[in-house]
Amino acid sequence: MKRLLVLAAAATALFANAQTYPGSKPVSIVVPFAAGGPTDRVARDLAEAMRKHIPGSNFVVENVNGAGGTIGATKVAKASPDGHTLLLHHIGMAAAPGLYRKLQYKPLEDFEYLGMINEVPMTLVGKPQLPANTYRDFENYIRANAGKLNIAHAGLGSASHLCGLMWQAAIKSTEAMTTIPFGGTAPAMNALVGGQVDMMCDQTTNTTGQIEAGRIKAFAVTTAKPLSSNKVLKDLPTLQEMGLKGFDLTIWHGLYAPKGTPPAVLAQLNTAMKAALKDPDFIKKQEGLGAVVVTDKRVDPAAHKTFVANEIAKLKPVIDAAKQFAD
Ligand code: ASP
């Protein structure tokens, strides 16, 4: 009898959660990078679209940047599991375990997975003052100036950091540049436009507008295929076309909640997220910036989690080879 009562109470609590969630309290989507950058842009577009699909809800974006996204991710891993704090993160979720010796969270154990959002190609870009105008000239210039140039990124384990590592390894020039970390590639982009840093590898969501406006130079895309349907990026060569065999890097974003968030709340969030991914406004905004909204089964929590587990395994050798670890 006592057991039945306990079960009944638990069922009521779950039901109440689904009925009352999110209530008047806002749902905070933590972005572990600076405002105005690529991850922030995904989060703000997603927040707007999800708001439409949970009546009366208020989704807000909170930027908690630093240490390649691990500070924001730690905050969410330790947050109250009530559906009011979520994490929007990217490939850094899979890079951090290999890079950070004292990571405060376990990516596969400390979060509830809500699903994958999009995939975003990257672009190799340079400050406007660089003498090179083609990828070939750019690579030659980097080699000719070994030791004198710098590359900006958003902290160890960020997408820009990973891309820089992989590219420098591919051109066999790992000692050539000084790396300059920022809290996100929004501030890094300001430094690039201003000519304070020489180059960066960043997501198209952050670079497309700057390339179109002629404020930075663009040399190549990191995907296996050219971005033929993007009016700004369509003429850029792929790194494979430029001789970097097998180079293929795409950044993904996903949505997560702290472990222990009630299943009914997770279901409501996942439904709203999936509806947002089909929202024509959301799709249009993302596509305009070169991102591809996910339509396959990775929008489901379990499939996304398996995908992240595979990414952790895939990135480990890349990270180990680079030998850049952090505490
Ligand atoms: N996604 C980061 C940002 O939003 C940049 C990065 O990971 O390189 O700033």
# chains A, B, ... in the order shown; residues from 1 in each chain; ligands from 1
>>> residues_near_ligand(ligand="ligand 1", cutoff="10 Å", atoms="only C-alpha atoms and all ligand atoms", output="ChimeraX atom specification")
/A:31-43,63,65-66,68-69,89-92,122,152-164,181-189,200-203,205-206,251-253
>>> write_last_selection(atoms="N, CA and C atoms", output="short mmCIF file (atom, residue, chain, number, x, y, z; two decimals), in the first residue's frame")
data_model
loop_
_atom_site.label_atom_id
_atom_site.label_comp_id
_atom_site.auth_asym_id
_atom_site.auth_seq_id
_atom_site.Cartn_x
_atom_site.Cartn_y
_atom_site.Cartn_z
N VAL A 31 25.02 29.47 -23.06
CA VAL A 31 25.94 29.37 -24.19
C VAL A 31 27.34 29.51 -23.60
N PRO A 32 28.21 28.51 -23.77
CA PRO A 32 29.51 28.60 -23.10
C PRO A 32 30.54 29.44 -23.85
N PHE A 33 30.08 30.36 -24.68
CA PHE A 33 30.97 31.26 -25.43
C PHE A 33 30.36 32.67 -25.41
N ALA A 34 31.15 33.62 -25.91
CA ALA A 34 30.75 35.03 -25.85
C ALA A 34 29.50 35.34 -26.69
N ALA A 35 28.80 36.39 -26.28
CA ALA A 35 27.63 36.85 -27.02
C ALA A 35 28.03 37.29 -28.43
N GLY A 36 27.13 37.07 -29.38
CA GLY A 36 27.37 37.52 -30.76
C GLY A 36 28.17 36.55 -31.60
N GLY A 37 28.66 35.45 -31.00
CA GLY A 37 29.46 34.47 -31.74
C GLY A 37 28.59 33.38 -32.35
N PRO A 38 29.23 32.38 -32.97
CA PRO A 38 28.47 31.34 -33.68
C PRO A 38 27.51 30.53 -32.80
N THR A 39 27.95 30.14 -31.61
CA THR A 39 27.07 29.33 -30.76
C THR A 39 25.93 30.18 -30.23
N ASP A 40 26.26 31.42 -29.89
CA ASP A 40 25.25 32.36 -29.42
C ASP A 40 24.17 32.59 -30.49
N ARG A 41 24.58 32.66 -31.73
CA ARG A 41 23.60 32.90 -32.81
C ARG A 41 22.64 31.73 -32.94
N VAL A 42 23.17 30.51 -32.82
CA VAL A 42 22.30 29.32 -32.89
C VAL A 42 21.32 29.39 -31.72
N ALA A 43 21.85 29.70 -30.53
CA ALA A 43 21.01 29.70 -29.32
C ALA A 43 19.91 30.75 -29.40
N ASN A 63 25.27 33.94 -21.53
CA ASN A 63 26.63 33.62 -22.00
C ASN A 63 27.56 33.41 -20.82
N ASN A 65 31.13 32.32 -20.76
CA ASN A 65 32.26 31.87 -21.57
C ASN A 65 33.54 31.65 -20.78
N GLY A 66 34.49 31.04 -21.47
CA GLY A 66 35.82 30.80 -20.88
C GLY A 66 36.21 29.34 -20.98
N GLY A 68 37.35 27.37 -23.31
CA GLY A 68 36.88 26.56 -24.44
C GLY A 68 35.49 25.98 -24.24
N GLY A 69 34.67 26.64 -23.43
CA GLY A 69 33.28 26.17 -23.24
C GLY A 69 33.08 25.33 -21.98
N HIS A 89 25.63 23.46 -26.65
CA HIS A 89 27.07 23.31 -26.84
C HIS A 89 27.35 22.69 -28.20
N HIS A 90 28.66 22.58 -28.51
CA HIS A 90 29.02 22.04 -29.83
C HIS A 90 30.05 20.94 -29.69
N ILE A 91 30.82 20.74 -30.71
CA ILE A 91 31.84 19.68 -30.76
C ILE A 91 32.77 19.70 -29.54
N GLY A 92 32.84 20.86 -28.88
CA GLY A 92 33.66 20.99 -27.66
C GLY A 92 33.21 20.03 -26.57
N MET A 122 33.15 25.30 -41.55
CA MET A 122 34.05 26.37 -41.08
C MET A 122 34.78 26.97 -42.27
N ALA A 152 43.88 33.14 -33.92
CA ALA A 152 42.92 33.36 -32.83
C ALA A 152 42.01 32.13 -32.69
N HIS A 153 41.55 31.87 -31.47
CA HIS A 153 40.55 30.82 -31.26
C HIS A 153 39.77 31.10 -29.99
N ALA A 154 38.78 30.26 -29.72
CA ALA A 154 37.87 30.51 -28.58
C ALA A 154 38.21 29.62 -27.38
N GLY A 155 39.47 29.32 -27.18
CA GLY A 155 39.88 28.54 -26.01
C GLY A 155 40.11 27.08 -26.36
N LEU A 156 40.91 26.40 -25.54
CA LEU A 156 41.24 25.00 -25.79
C LEU A 156 39.99 24.13 -25.86
N GLY A 157 39.81 23.46 -26.97
CA GLY A 157 38.64 22.59 -27.12
C GLY A 157 37.50 23.26 -27.86
N SER A 158 37.67 24.54 -28.19
CA SER A 158 36.62 25.19 -28.99
C SER A 158 36.75 24.71 -30.43
N ALA A 159 35.74 25.02 -31.21
CA ALA A 159 35.74 24.60 -32.61
C ALA A 159 36.91 25.24 -33.37
N SER A 160 37.11 26.52 -33.12
CA SER A 160 38.18 27.24 -33.82
C SER A 160 39.55 26.69 -33.42
N HIS A 161 39.69 26.30 -32.17
CA HIS A 161 40.95 25.72 -31.71
C HIS A 161 41.20 24.38 -32.42
N LEU A 162 40.17 23.52 -32.43
CA LEU A 162 40.31 22.21 -33.07
C LEU A 162 40.65 22.36 -34.54
N CYS A 163 39.94 23.27 -35.19
CA CYS A 163 40.16 23.46 -36.63
C CYS A 163 41.59 23.93 -36.88
N GLY A 164 42.06 24.88 -36.06
CA GLY A 164 43.43 25.39 -36.21
C GLY A 164 44.45 24.26 -36.03
N PRO A 181 43.93 32.87 -27.38
CA PRO A 181 42.56 32.48 -26.99
C PRO A 181 41.68 33.67 -26.61
N PHE A 182 40.42 33.59 -27.01
CA PHE A 182 39.40 34.59 -26.65
C PHE A 182 38.25 33.85 -25.97
N GLY A 183 37.31 34.60 -25.39
CA GLY A 183 36.14 33.98 -24.73
C GLY A 183 35.11 33.46 -25.73
N GLY A 184 35.36 33.68 -26.98
CA GLY A 184 34.46 33.24 -28.05
C GLY A 184 35.00 33.82 -29.34
N THR A 185 34.46 33.38 -30.48
CA THR A 185 35.01 33.96 -31.70
C THR A 185 34.33 35.28 -32.08
N ALA A 186 33.34 35.73 -31.30
CA ALA A 186 32.83 37.09 -31.54
C ALA A 186 33.92 38.11 -31.22
N PRO A 187 34.49 38.08 -29.99
CA PRO A 187 35.61 39.01 -29.75
C PRO A 187 36.83 38.71 -30.63
N ALA A 188 37.06 37.44 -30.94
CA ALA A 188 38.21 37.10 -31.81
C ALA A 188 38.00 37.72 -33.20
N MET A 189 36.75 37.72 -33.66
CA MET A 189 36.45 38.29 -34.98
C MET A 189 36.72 39.80 -34.98
N MET A 200 42.18 32.99 -38.48
CA MET A 200 41.30 32.20 -37.61
C MET A 200 40.60 31.16 -38.50
N CYS A 201 40.17 30.06 -37.87
CA CYS A 201 39.30 29.13 -38.58
C CYS A 201 37.99 29.17 -37.81
N ASP A 202 36.95 29.69 -38.41
CA ASP A 202 35.71 29.91 -37.65
C ASP A 202 34.49 29.46 -38.43
N GLN A 203 33.41 29.27 -37.67
CA GLN A 203 32.17 28.78 -38.27
C GLN A 203 31.55 29.82 -39.21
N THR A 205 28.63 30.66 -39.55
CA THR A 205 27.62 31.49 -38.90
C THR A 205 28.21 32.83 -38.42
N ASN A 206 29.53 32.84 -38.20
CA ASN A 206 30.18 34.06 -37.72
C ASN A 206 30.95 34.78 -38.83
N ILE A 251 31.14 21.40 -37.70
CA ILE A 251 30.84 21.58 -36.27
C ILE A 251 29.35 21.33 -36.05
N TRP A 252 29.03 20.56 -35.00
CA TRP A 252 27.62 20.31 -34.69
C TRP A 252 27.26 21.00 -33.37
N HIS A 253 26.00 21.29 -33.22
CA HIS A 253 25.48 21.83 -31.95
C HIS A 253 24.38 20.92 -31.42
#
>>> residues_around(residues="Ala220 (chain A)", least_positions_apart="5", cutoff="9 Å", atoms="only C-alpha atoms", output="list in words")
Met122, Thr123, Leu124, Val125, Thr134, Tyr135, Leu233, Asp235, Leu236, Pro237, Thr238, Leu239 and Met242 of chain A
>>> write_last_selection(atoms="N, CA, C and O atoms", output="PDB file, in the first residue's frame")
ATOM      1  N   MET A 122      33.150  25.300 -41.546  1.00  0.00           N
ATOM      2  CA  MET A 122      34.049  26.365 -41.080  1.00  0.00           C
ATOM      3  C   MET A 122      34.784  26.966 -42.273  1.00  0.00           C
ATOM      4  O   MET A 122      34.868  26.353 -43.343  1.00  0.00           O
ATOM      5  N   THR A 123      35.339  28.139 -42.024  1.00  0.00           N
ATOM      6  CA  THR A 123      36.077  28.850 -43.070  1.00  0.00           C
ATOM      7  C   THR A 123      37.425  29.268 -42.514  1.00  0.00           C
ATOM      8  O   THR A 123      37.520  29.683 -41.355  1.00  0.00           O
ATOM      9  N   LEU A 124      38.442  29.169 -43.342  1.00  0.00           N
ATOM     10  CA  LEU A 124      39.756  29.694 -42.960  1.00  0.00           C
ATOM     11  C   LEU A 124      39.779  31.146 -43.405  1.00  0.00           C
ATOM     12  O   LEU A 124      39.627  31.428 -44.601  1.00  0.00           O
ATOM     13  N   VAL A 125      39.949  32.034 -42.441  1.00  0.00           N
ATOM     14  CA  VAL A 125      39.867  33.462 -42.770  1.00  0.00           C
ATOM     15  C   VAL A 125      41.093  34.211 -42.233  1.00  0.00           C
ATOM     16  O   VAL A 125      41.757  33.750 -41.302  1.00  0.00           O
ATOM     17  N   THR A 134      44.518  34.159 -52.350  1.00  0.00           N
ATOM     18  CA  THR A 134      44.060  32.797 -52.656  1.00  0.00           C
ATOM     19  C   THR A 134      44.583  31.876 -51.558  1.00  0.00           C
ATOM     20  O   THR A 134      45.528  32.227 -50.844  1.00  0.00           O
ATOM     21  N   TYR A 135      43.968  30.679 -51.475  1.00  0.00           N
ATOM     22  CA  TYR A 135      44.425  29.735 -50.451  1.00  0.00           C
ATOM     23  C   TYR A 135      45.902  29.422 -50.634  1.00  0.00           C
ATOM     24  O   TYR A 135      46.676  29.389 -49.677  1.00  0.00           O
ATOM     25  N   LEU A 233      29.714  32.003 -50.052  1.00  0.00           N
ATOM     26  CA  LEU A 233      30.852  31.093 -49.843  1.00  0.00           C
ATOM     27  C   LEU A 233      31.075  30.111 -50.999  1.00  0.00           C
ATOM     28  O   LEU A 233      32.013  29.325 -50.975  1.00  0.00           O
ATOM     29  N   ASP A 235      32.265  30.079 -53.945  1.00  0.00           N
ATOM     30  CA  ASP A 235      33.482  29.997 -54.764  1.00  0.00           C
ATOM     31  C   ASP A 235      34.733  29.626 -53.969  1.00  0.00           C
ATOM     32  O   ASP A 235      35.820  29.497 -54.544  1.00  0.00           O
ATOM     33  N   LEU A 236      34.585  29.458 -52.663  1.00  0.00           N
ATOM     34  CA  LEU A 236      35.773  29.105 -51.870  1.00  0.00           C
ATOM     35  C   LEU A 236      36.143  27.643 -52.101  1.00  0.00           C
ATOM     36  O   LEU A 236      35.270  26.776 -52.100  1.00  0.00           O
ATOM     37  N   PRO A 237      37.438  27.333 -52.254  1.00  0.00           N
ATOM     38  CA  PRO A 237      37.829  25.932 -52.433  1.00  0.00           C
ATOM     39  C   PRO A 237      37.722  25.165 -51.122  1.00  0.00           C
ATOM     40  O   PRO A 237      37.729  25.766 -50.041  1.00  0.00           O
ATOM     41  N   THR A 238      37.607  23.840 -51.212  1.00  0.00           N
ATOM     42  CA  THR A 238      37.683  23.029 -49.999  1.00  0.00           C
ATOM     43  C   THR A 238      39.166  22.780 -49.719  1.00  0.00           C
ATOM     44  O   THR A 238      40.009  22.873 -50.629  1.00  0.00           O
ATOM     45  N   LEU A 239      39.474  22.431 -48.478  1.00  0.00           N
ATOM     46  CA  LEU A 239      40.875  22.133 -48.156  1.00  0.00           C
ATOM     47  C   LEU A 239      41.326  20.859 -48.874  1.00  0.00           C
ATOM     48  O   LEU A 239      42.498  20.726 -49.218  1.00  0.00           O
ATOM     49  N   MET A 242      42.532  21.703 -52.107  1.00  0.00           N
ATOM     50  CA  MET A 242      43.840  22.363 -51.995  1.00  0.00           C
ATOM     51  C   MET A 242      44.941  21.390 -51.592  1.00  0.00           C
ATOM     52  O   MET A 242      46.021  21.782 -51.173  1.00  0.00           O
TER      53      MET A 242
END
>>> residues_around(residues="Ile142 (chain A)", least_positions_apart="3", cutoff="10 Å", atoms="only C-alpha atoms", output="PyMOL selection string")
chain A and resi 132+137-139+145-150+168+171+173+176-177+198-199
>>> residues_around(residues="Gln104 (chain A)", least_positions_apart="6", cutoff="9 Å", atoms="only C-alpha atoms", output="PyMOL selection string")
chain A and resi 70-71+73-74+77
>>> write_last_selection(atoms="N, CA and C atoms", output="short mmCIF file (atom, residue, chain, number, x, y, z; two decimals), in the first residue's frame")
data_model
loop_
_atom_site.label_atom_id
_atom_site.label_comp_id
_atom_site.auth_asym_id
_atom_site.auth_seq_id
_atom_site.Cartn_x
_atom_site.Cartn_y
_atom_site.Cartn_z
N THR A 70 34.19 25.01 -21.28
CA THR A 70 34.04 24.09 -20.14
C THR A 70 33.46 24.79 -18.90
N ILE A 71 33.59 26.11 -18.80
CA ILE A 71 33.04 26.81 -17.63
C ILE A 71 31.50 26.80 -17.70
N ALA A 73 29.64 24.73 -19.45
CA ALA A 73 29.15 23.34 -19.37
C ALA A 73 29.15 22.86 -17.92
N THR A 74 30.17 23.25 -17.15
CA THR A 74 30.23 22.88 -15.73
C THR A 74 29.04 23.48 -15.00
N ALA A 77 26.02 21.39 -15.75
CA ALA A 77 26.10 20.05 -15.15
C ALA A 77 25.74 20.11 -13.67
#
>>> atom_distance(atom1="CA of Gly260 (chain A)", atom2="CA of His84 (chain A)")
12.5 Å
>>> closest_residue(among="A:Lys106, A:Lys284, A:Lys278, A:Lys231", to="Lys78 (chain A)", atoms="only C-alpha atoms")
A:Lys106
>>> atom_distance(atom1="CA of Lys75 (chain A)", atom2="CA of His304 (chain A)")
21.2 Å
>>> select_by_dssp(residues="region 48-142 of chain A", states="helix (DSSP H, G or I)", output="CSV table (one decimal) with all heavy atoms, in the first residue's frame")
chain,number,residue,atom,x,y,z
A,48,GLU,N,14.2,31.7,-29.8
A,48,GLU,CA,13.0,32.4,-30.4
A,48,GLU,C,12.0,31.4,-31.0
A,48,GLU,O,10.8,31.5,-30.8
A,48,GLU,CB,13.5,33.3,-31.5
A,48,GLU,CG,12.5,34.3,-31.9
A,48,GLU,CD,13.1,35.2,-33.1
A,48,GLU,OE1,14.3,35.6,-33.0
A,48,GLU,OE2,12.3,35.3,-34.1
A,49,ALA,N,12.6,30.3,-31.6
A,49,ALA,CA,11.7,29.3,-32.2
A,49,ALA,C,11.0,28.5,-31.2
A,49,ALA,O,9.9,28.1,-31.3
A,49,ALA,CB,12.5,28.5,-33.2
A,50,MET,N,11.8,28.1,-30.1
A,50,MET,CA,11.2,27.2,-29.1
A,50,MET,C,10.1,27.9,-28.3
A,50,MET,O,9.1,27.3,-27.9
A,50,MET,CB,12.3,26.7,-28.2
A,50,MET,CG,13.1,25.5,-28.8
A,50,MET,SD,14.4,24.9,-27.8
A,50,MET,CE,13.5,23.9,-26.5
A,51,ARG,N,10.3,29.2,-28.1
A,51,ARG,CA,9.4,30.0,-27.4
A,51,ARG,C,8.0,29.9,-28.0
A,51,ARG,O,7.0,29.8,-27.3
A,51,ARG,CB,9.8,31.5,-27.5
A,51,ARG,CG,9.4,32.4,-26.4
A,51,ARG,CD,10.0,33.8,-26.5
A,51,ARG,NE,11.4,33.8,-26.1
A,51,ARG,CZ,12.4,34.5,-26.7
A,51,ARG,NH1,12.1,35.2,-27.8
A,51,ARG,NH2,13.6,34.4,-26.3
A,52,LYS,N,7.9,29.8,-29.3
A,52,LYS,CA,6.7,29.7,-30.0
A,52,LYS,C,6.0,28.4,-29.7
A,52,LYS,O,4.7,28.3,-29.8
A,52,LYS,CB,6.9,29.7,-31.6
A,52,LYS,CG,7.3,31.0,-32.1
A,52,LYS,CD,7.2,30.9,-33.7
A,52,LYS,CE,8.3,31.7,-34.3
A,52,LYS,NZ,8.6,31.3,-35.7
A,53,HIS,N,6.8,27.4,-29.4
A,53,HIS,CA,6.2,26.0,-29.3
A,53,HIS,C,5.9,25.6,-27.9
A,53,HIS,O,5.4,24.5,-27.6
A,53,HIS,CB,7.1,25.0,-30.0
A,53,HIS,CG,7.1,25.3,-31.5
A,53,HIS,ND1,6.1,25.0,-32.4
A,53,HIS,CD2,8.1,26.0,-32.2
A,53,HIS,CE1,6.4,25.5,-33.6
A,53,HIS,NE2,7.6,26.0,-33.5
A,67,ALA,N,37.5,29.1,-21.0
A,67,ALA,CA,38.1,27.8,-21.0
A,67,ALA,C,37.5,26.9,-22.1
A,67,ALA,O,37.1,25.7,-21.8
A,67,ALA,CB,38.1,27.1,-19.7
A,68,GLY,N,37.4,27.4,-23.3
A,68,GLY,CA,36.9,26.6,-24.4
A,68,GLY,C,35.5,26.0,-24.2
A,68,GLY,O,35.2,25.0,-24.8
A,69,GLY,N,34.7,26.6,-23.4
A,69,GLY,CA,33.3,26.2,-23.2
A,69,GLY,C,33.1,25.3,-22.0
A,69,GLY,O,32.0,25.0,-21.6
A,70,THR,N,34.2,25.0,-21.3
A,70,THR,CA,34.0,24.1,-20.1
A,70,THR,C,33.5,24.8,-18.9
A,70,THR,O,32.9,24.1,-18.1
A,70,THR,CB,35.4,23.4,-19.8
A,70,THR,OG1,36.3,24.4,-19.5
A,70,THR,CG2,35.9,22.6,-20.9
A,71,ILE,N,33.6,26.1,-18.8
A,71,ILE,CA,33.0,26.8,-17.6
A,71,ILE,C,31.5,26.8,-17.7
A,71,ILE,O,30.8,26.5,-16.7
A,71,ILE,CB,33.6,28.2,-17.5
A,71,ILE,CG1,35.1,28.1,-17.3
A,71,ILE,CG2,32.9,29.0,-16.4
A,71,ILE,CD1,35.9,29.5,-17.2
A,72,GLY,N,31.0,27.1,-18.9
A,72,GLY,CA,29.5,27.1,-19.0
A,72,GLY,C,28.9,25.7,-18.9
A,72,GLY,O,27.9,25.5,-18.3
A,73,ALA,N,29.6,24.7,-19.4
A,73,ALA,CA,29.1,23.3,-19.4
A,73,ALA,C,29.1,22.9,-17.9
A,73,ALA,O,28.2,22.2,-17.5
A,73,ALA,CB,30.0,22.4,-20.2
A,74,THR,N,30.2,23.3,-17.2
A,74,THR,CA,30.2,22.9,-15.7
A,74,THR,C,29.0,23.5,-15.0
A,74,THR,O,28.4,22.8,-14.2
A,74,THR,CB,31.6,23.4,-15.1
A,74,THR,OG1,32.6,22.8,-15.8
A,74,THR,CG2,31.6,23.0,-13.6
A,75,LYS,N,28.7,24.7,-15.3
A,75,LYS,CA,27.6,25.4,-14.6
A,75,LYS,C,26.3,24.6,-14.8
A,75,LYS,O,25.6,24.4,-13.9
A,75,LYS,CB,27.5,26.8,-15.2
A,75,LYS,CG,26.3,27.6,-14.5
A,75,LYS,CD,26.3,29.0,-14.9
A,75,LYS,CE,24.9,29.5,-14.3
A,75,LYS,NZ,24.9,31.0,-14.2
A,76,VAL,N,26.1,24.2,-16.1
A,76,VAL,CA,24.8,23.5,-16.3
A,76,VAL,C,24.9,22.1,-15.7
A,76,VAL,O,23.9,21.6,-15.2
A,76,VAL,CB,24.6,23.4,-17.9
A,76,VAL,CG1,23.3,22.6,-18.1
A,76,VAL,CG2,24.4,24.8,-18.4
A,77,ALA,N,26.0,21.4,-15.7
A,77,ALA,CA,26.1,20.1,-15.1
A,77,ALA,C,25.7,20.1,-13.7
A,77,ALA,O,25.2,19.2,-13.1
A,77,ALA,CB,27.5,19.5,-15.3
A,92,GLY,N,32.8,20.9,-28.9
A,92,GLY,CA,33.7,21.0,-27.7
A,92,GLY,C,33.2,20.0,-26.6
A,92,GLY,O,34.0,19.6,-25.7
A,93,MET,N,31.9,19.6,-26.6
A,93,MET,CA,31.4,18.7,-25.6
A,93,MET,C,32.2,17.4,-25.8
A,93,MET,O,32.5,16.7,-24.8
A,93,MET,CB,29.9,18.4,-26.0
A,93,MET,CG,29.1,17.6,-25.1
A,93,MET,SD,28.6,18.7,-23.7
A,93,MET,CE,27.3,17.6,-23.0
A,94,ALA,N,32.6,17.0,-27.0
A,94,ALA,CA,33.4,15.8,-27.3
A,94,ALA,C,34.9,16.0,-27.2
A,94,ALA,O,35.6,15.0,-27.0
A,94,ALA,CB,33.0,15.3,-28.7
A,95,ALA,N,35.3,17.2,-27.3
A,95,ALA,CA,36.8,17.5,-27.3
A,95,ALA,C,37.3,17.6,-25.8
A,95,ALA,O,38.4,17.2,-25.5
A,95,ALA,CB,37.1,18.8,-28.0
A,96,ALA,N,36.5,18.2,-25.0
A,96,ALA,CA,36.9,18.5,-23.6
A,96,ALA,C,37.5,17.3,-22.8
A,96,ALA,O,38.5,17.4,-22.2
A,96,ALA,CB,35.8,19.2,-22.8
A,97,PRO,N,36.8,16.1,-22.9
A,97,PRO,CA,37.4,15.0,-22.0
A,97,PRO,C,38.8,14.6,-22.4
A,97,PRO,O,39.6,14.2,-21.5
A,97,PRO,CB,36.4,13.8,-22.3
A,97,PRO,CG,35.3,14.4,-23.1
A,97,PRO,CD,35.6,15.7,-23.6
A,98,GLY,N,39.2,14.8,-23.7
A,98,GLY,CA,40.6,14.5,-24.1
A,98,GLY,C,41.6,15.6,-23.7
A,98,GLY,O,42.8,15.3,-23.7
A,99,LEU,N,41.1,16.8,-23.6
A,99,LEU,CA,41.9,18.0,-23.4
A,99,LEU,C,42.2,18.4,-22.0
A,99,LEU,O,43.2,18.9,-21.6
A,99,LEU,CB,41.3,19.2,-24.1
A,99,LEU,CG,41.6,19.3,-25.6
A,99,LEU,CD1,40.6,20.3,-26.2
A,99,LEU,CD2,43.0,19.7,-25.8
A,135,TYR,N,44.0,30.7,-51.5
A,135,TYR,CA,44.4,29.7,-50.5
A,135,TYR,C,45.9,29.4,-50.6
A,135,TYR,O,46.7,29.4,-49.7
A,135,TYR,CB,43.6,28.4,-50.5
A,135,TYR,CG,44.2,27.5,-49.5
A,135,TYR,CD1,43.9,27.6,-48.1
A,135,TYR,CD2,45.1,26.5,-49.8
A,135,TYR,CE1,44.5,26.8,-47.1
A,135,TYR,CE2,45.7,25.7,-48.9
A,135,TYR,CZ,45.4,25.9,-47.5
A,135,TYR,OH,46.0,25.1,-46.6
A,136,ARG,N,46.3,29.2,-51.9
A,136,ARG,CA,47.7,28.8,-52.1
A,136,ARG,C,48.7,29.9,-51.6
A,136,ARG,O,49.6,29.6,-50.9
A,136,ARG,CB,47.8,28.7,-53.6
A,136,ARG,CG,48.6,27.7,-54.3
A,136,ARG,CD,49.0,26.4,-53.7
A,136,ARG,NE,48.2,25.3,-54.1
A,136,ARG,CZ,47.8,24.4,-53.2
A,136,ARG,NH1,48.2,24.5,-51.9
A,136,ARG,NH2,47.0,23.4,-53.6
A,137,ASP,N,48.4,31.1,-51.9
A,137,ASP,CA,49.2,32.2,-51.5
A,137,ASP,C,49.2,32.3,-50.0
A,137,ASP,O,50.2,32.6,-49.3
A,137,ASP,CB,48.8,33.6,-52.1
A,137,ASP,CG,49.0,33.7,-53.6
A,137,ASP,OD1,49.8,32.8,-54.1
A,137,ASP,OD2,48.5,34.6,-54.2
A,138,PHE,N,48.0,32.1,-49.4
A,138,PHE,CA,47.9,32.2,-48.0
A,138,PHE,C,48.8,31.1,-47.3
A,138,PHE,O,49.5,31.4,-46.4
A,138,PHE,CB,46.4,31.9,-47.6
A,138,PHE,CG,46.1,31.8,-46.2
A,138,PHE,CD1,46.3,32.8,-45.3
A,138,PHE,CD2,45.6,30.6,-45.7
A,138,PHE,CE1,46.0,32.6,-43.9
A,138,PHE,CE2,45.3,30.4,-44.4
A,138,PHE,CZ,45.5,31.4,-43.5
A,139,GLU,N,48.7,29.9,-47.7
A,139,GLU,CA,49.5,28.8,-47.1
A,139,GLU,C,51.0,29.1,-47.3
A,139,GLU,O,51.8,29.0,-46.3
A,139,GLU,CB,49.2,27.4,-47.8
A,139,GLU,CG,49.6,26.3,-46.9
A,139,GLU,CD,49.4,24.9,-47.5
A,139,GLU,OE1,48.3,24.6,-47.9
A,139,GLU,OE2,50.4,24.2,-47.7
A,140,ASN,N,51.4,29.6,-48.4
A,140,ASN,CA,52.8,30.0,-48.7
A,140,ASN,C,53.2,31.1,-47.7
A,140,ASN,O,54.3,31.1,-47.2
A,140,ASN,CB,53.0,30.4,-50.1
A,140,ASN,CG,52.9,29.2,-51.0
A,140,ASN,OD1,53.1,28.0,-50.6
A,140,ASN,ND2,52.6,29.4,-52.3
A,141,TYR,N,52.3,32.0,-47.5
A,141,TYR,CA,52.6,33.2,-46.7
A,141,TYR,C,52.8,32.7,-45.2
A,141,TYR,O,53.8,33.1,-44.5
A,141,TYR,CB,51.5,34.2,-46.7
A,141,TYR,CG,51.7,35.4,-45.8
A,141,TYR,CD1,52.6,36.4,-46.2
A,141,TYR,CD2,51.0,35.5,-44.7
A,141,TYR,CE1,52.7,37.5,-45.4
A,141,TYR,CE2,51.1,36.6,-43.8
A,141,TYR,CZ,52.0,37.6,-44.2
A,141,TYR,OH,52.2,38.7,-43.4
A,142,ILE,N,52.0,31.8,-44.8
A,142,ILE,CA,52.1,31.2,-43.4
A,142,ILE,C,53.4,30.5,-43.2
A,142,ILE,O,54.1,30.7,-42.3
A,142,ILE,CB,50.9,30.2,-43.1
A,142,ILE,CG1,49.6,30.9,-43.3
A,142,ILE,CG2,51.1,29.5,-41.8
A,142,ILE,CD1,49.1,31.8,-42.2
>>> select_by_dssp(residues="region 44-281 of chain A", states="strand (DSSP E)", output="ChimeraX atom specification")
/A:59-63,85-90,111-126,149-153,177-181,199-203,217-221,250-258
